[in-house]
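S.K.: This structure is in structure tokens; I'll ask about it shortly.
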Amino acid sequence: MIRAREFLGAALSRGFDFYTGVPCSFLTPLINGTISHQELRYVGATSEGEAVALATGAWLAGRQPVAMCQNSGLGNMINPLTSLSHPFRVPFLLVCTWRGQPGLKDEPQHEVMGGVTHDLLTTIRVPHRPFPDRPELIEPALDEAVKLMADGELPTALIMRKGAVAQDEPLDQPPYAPGPRDTALDDRTRGGPRPARRDVLESVLAEVPPEAAVIATTGKCGRELFALADREQHFYQVGSMGCASAMALGVALNTPRTTVVLDGDGAALMKMGNMATIGATAPPNLVHVILDNGVHDSVSYTHL
């Protein structure tokens with residue numbers, strides 16, 4: 001068994017300073033440790049897929065991210081791990097707990113995933129190694145993970161057994177509180193014809209500053225943006241539907257630049273939890289534009 005501060009300190013010395021994830025009882029010491037650590041940032045995600053997108057955005061902004069989840073949540077991660085991390089070659093550290101480990105008593109809902117966790121990660125081409133459970137194993141485990149991430153430009157998972165990490169005494173740090181925000185709403189949904197998506201994109205391009213980061217969701221939104229103007233700071237997301245807003249949040253939390261996400265209504269509905277995380281963190285530099293495509297009809301009119 002190791003102490004949370006031992007792992008977090010060794011990870012920080014290797015650059016890992018941004019954590020996100022979904023709670024698991026095995027992860028409690030690590031999550032509490034990141035929340036309490038003055039040099040680390042933890043953003044709780046509403047789903048495991050959102051955590052992958054948050055980590056991706058943080059990596060795009062120059063951070064070294066860690067995503068944490070229970071192995072039951074790997075199912076929610078498969079889409080962004082295979083359609084976001086792989087095609088865009090985004091490396092981050094994945095700490096995944098091993099609920100339902102064969103031979104150990106656990107809840108029945110963990111039995112199937114416990115038996116296939118390693119095979120599943122192998123199948124989706126995510127390298128994986130054991131999470132260190134003794135102090136002398138921490139640095140070698142992290143060094144190997146860093147090398148695998150550098151060589152493959154892909155996430156690498158450390159599989160955590162039950163009881164691997166002991167709880168530390170909490171450090172004296174106040175919880176994160178977002179700054180003041182303007183909650184006034186201006187309803188412009190009536191009074192005129194709805195613009196086409198292309199018209200909206202042209203208006204966005206005319207308004208965003210040249211240095212702004214722009215993330216376009218999968219589908220025709222990204223294709224039309226590319227056709228209108230291909231800028232170095234544009235990120236055209238393919239696949240990983242629903243993850244654009246979380247990825248933009250990961251960027252916005254780690255850079256002072258204005259970050260604009262061009263989202264679709266169907267994609268936004270797919271991961272509504274992203275909205276809660278955006279609202280909780282409330283970065284002032286994030287602009288979220290949702291295009292009304294008639295849910296999944298990507299050729300209809302648009303409305304903000």
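A note on labels: chains of the structure tokens are A, B, ... as shown, every chain counts residues from 1, and ligands are counted from 1 in their shown order.
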For stretch 250-271 of chain A versus stretch 12-33 of chain A, which residues have an atom no more than 12 Å away, and what is each residue's nearest atom pair and distance in Å rounded to one decimal, using only C-alpha atoms, chain-then-number order, as a Markdown table?

M.R.:
| residue | atom | partner | partner_atom | distance |
| --- | --- | --- | --- | --- |
| A:Gly250 | CA | A:Phe18 | CA | 9.5 |
| A:Val251 | CA | A:Phe18 | CA | 11.4 |
| A:Leu253 | CA | A:Phe18 | CA | 10.0 |
| A:Asn254 | CA | A:Phe18 | CA | 9.1 |

S.K.: May I ask which of the residues A:Pro87, A:Gly266, A:Ile278, A:Ser72 is the closest one to A:Gly115, counting only C-alpha atoms?

M.R.: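 Ranked by minimum distance to A:Gly115, first place goes to A:Ser72.
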
S.K.: Residues of stretch 3-47 of chain A classed as strand (DSSP E or B) by DSSP on the backbone are to be reported as number ranges by chain.

M.R.: A: 3, 16-21, 41-44

S.K.: Rank A:His110, A:Arg129, A:Arg99, A:Arg190 by their smallest atom-to-atom distance to A:Arg161, using only C-alpha atoms, and report the top residue only.

M.R.: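 Closest to A:Arg161 of all the choices is A:Arg99.
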
S.K.: Using DSSP on the backbone coordinates, identify all residues within stretch 51-128 of chain A classified as alpha helix (DSSP H); present the result as a ChimeraX atom specification.

M.R.: /A:51-60,74-80,86-88,111-123

S.K.: Deliver the residues from the most recent selection as a file, using N, CA and C atoms, as a short mmCIF file (atom, residue, chain, number, x, y, z; two decimals), in the first residue's frame.

M.R.:
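Saved as selection-v6.cif:
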data_model
loop_
_atom_site.label_atom_id
_atom_site.label_comp_id
_atom_site.auth_asym_id
_atom_site.auth_seq_id
_atom_site.Cartn_x
_atom_site.Cartn_y
_atom_site.Cartn_z
N ALA A 51 -14.53 12.87 -19.04
CA ALA A 51 -13.18 12.96 -18.46
C ALA A 51 -12.11 12.83 -19.54
N VAL A 52 -12.32 11.93 -20.51
CA VAL A 52 -11.36 11.80 -21.61
C VAL A 52 -11.28 13.10 -22.40
N ALA A 53 -12.45 13.71 -22.67
CA ALA A 53 -12.45 14.96 -23.43
C ALA A 53 -11.81 16.09 -22.65
N LEU A 54 -12.08 16.17 -21.34
CA LEU A 54 -11.44 17.18 -20.50
C LEU A 54 -9.93 17.02 -20.52
N ALA A 55 -9.46 15.78 -20.39
CA ALA A 55 -8.02 15.52 -20.41
C ALA A 55 -7.44 15.91 -21.77
N THR A 56 -8.17 15.64 -22.84
CA THR A 56 -7.70 16.01 -24.17
C THR A 56 -7.55 17.51 -24.31
N GLY A 57 -8.56 18.25 -23.83
CA GLY A 57 -8.47 19.70 -23.90
C GLY A 57 -7.32 20.25 -23.07
N ALA A 58 -7.13 19.69 -21.88
CA ALA A 58 -6.01 20.12 -21.04
C ALA A 58 -4.68 19.86 -21.73
N TRP A 59 -4.57 18.71 -22.40
CA TRP A 59 -3.33 18.38 -23.12
C TRP A 59 -3.11 19.37 -24.27
N LEU A 60 -4.18 19.72 -24.98
CA LEU A 60 -4.05 20.69 -26.07
C LEU A 60 -3.56 22.04 -25.55
N LEU A 74 -15.23 2.16 -18.14
CA LEU A 74 -14.49 2.05 -19.40
C LEU A 74 -15.43 2.00 -20.59
N GLY A 75 -16.62 1.43 -20.37
CA GLY A 75 -17.59 1.38 -21.47
C GLY A 75 -17.94 2.77 -21.96
N ASN A 76 -18.04 3.74 -21.04
CA ASN A 76 -18.34 5.12 -21.43
C ASN A 76 -17.14 5.80 -22.08
N MET A 77 -15.96 5.23 -21.89
CA MET A 77 -14.74 5.84 -22.44
C MET A 77 -14.39 5.32 -23.83
N ILE A 78 -14.97 4.19 -24.21
CA ILE A 78 -14.50 3.54 -25.44
C ILE A 78 -14.60 4.45 -26.65
N ASN A 79 -15.72 5.16 -26.80
CA ASN A 79 -15.85 6.02 -27.99
C ASN A 79 -14.78 7.10 -28.04
N PRO A 80 -14.63 7.95 -27.01
CA PRO A 80 -13.57 8.96 -27.12
C PRO A 80 -12.16 8.39 -27.12
N HIS A 86 -7.08 8.25 -30.28
CA HIS A 86 -6.28 7.55 -31.30
C HIS A 86 -6.05 8.39 -32.55
N PRO A 87 -7.09 8.91 -33.21
CA PRO A 87 -6.80 9.64 -34.45
C PRO A 87 -6.00 10.92 -34.25
N PHE A 88 -6.16 11.57 -33.07
CA PHE A 88 -5.43 12.82 -32.83
C PHE A 88 -4.17 12.61 -32.00
N GLU A 111 -18.72 -8.10 -11.99
CA GLU A 111 -18.13 -9.40 -12.31
C GLU A 111 -17.64 -9.47 -13.76
N VAL A 112 -18.49 -9.08 -14.72
CA VAL A 112 -18.11 -9.23 -16.13
C VAL A 112 -16.95 -8.31 -16.47
N MET A 113 -17.07 -7.03 -16.11
CA MET A 113 -16.00 -6.09 -16.45
C MET A 113 -14.70 -6.43 -15.72
N GLY A 114 -14.82 -6.94 -14.49
CA GLY A 114 -13.62 -7.34 -13.77
C GLY A 114 -12.84 -8.41 -14.49
N GLY A 115 -13.55 -9.30 -15.18
CA GLY A 115 -12.88 -10.38 -15.90
C GLY A 115 -12.29 -9.98 -17.24
N VAL A 116 -12.75 -8.86 -17.80
CA VAL A 116 -12.30 -8.50 -19.16
C VAL A 116 -11.57 -7.17 -19.22
N THR A 117 -11.31 -6.53 -18.08
CA THR A 117 -10.71 -5.19 -18.08
C THR A 117 -9.43 -5.13 -18.90
N HIS A 118 -8.51 -6.03 -18.63
CA HIS A 118 -7.22 -6.00 -19.34
C HIS A 118 -7.40 -6.31 -20.83
N ASP A 119 -8.23 -7.31 -21.13
CA ASP A 119 -8.46 -7.65 -22.54
C ASP A 119 -9.13 -6.50 -23.29
N LEU A 120 -10.05 -5.80 -22.63
CA LEU A 120 -10.73 -4.68 -23.27
C LEU A 120 -9.74 -3.58 -23.62
N LEU A 121 -8.87 -3.24 -22.68
CA LEU A 121 -7.87 -2.21 -22.96
C LEU A 121 -6.93 -2.63 -24.08
N THR A 122 -6.54 -3.90 -24.08
CA THR A 122 -5.69 -4.40 -25.16
C THR A 122 -6.40 -4.30 -26.50
N THR A 123 -7.69 -4.65 -26.52
CA THR A 123 -8.46 -4.63 -27.76
C THR A 123 -8.55 -3.23 -28.35
#

S.K.: Which of these, A:Leu154, A:Cys243, A:Val95, A:Ala280, has the shortest distance to A:Ile215 once you count only C-alpha atoms?

M.R.: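 Of all the options, A:Cys243 lies closest to A:Ile215.
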
S.K.: What is the atom CA of A:Leu142 to atom CA of A:Glu50 distance in Å?

M.R.: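 Atom CA of A:Leu142 sits 23.9 Å away from atom CA of A:Glu50.
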
S.K.: Select, from A:Gln38, A:Thr97, A:Thr156, A:Ser47, the residue with the minimum atom-to-atom distance to A:Val66, counting only C-alpha atoms.

M.R.: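 So, comparing all the options, the nearest one is A:Thr156.
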
S.K.: In Å, with one decimal, what is the gap from atom CA of A:Ala267 to atom CA of A:Val204?

M.R.: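 Separation between atom CA of A:Ala267 and atom CA of A:Val204: 19.1 Å.
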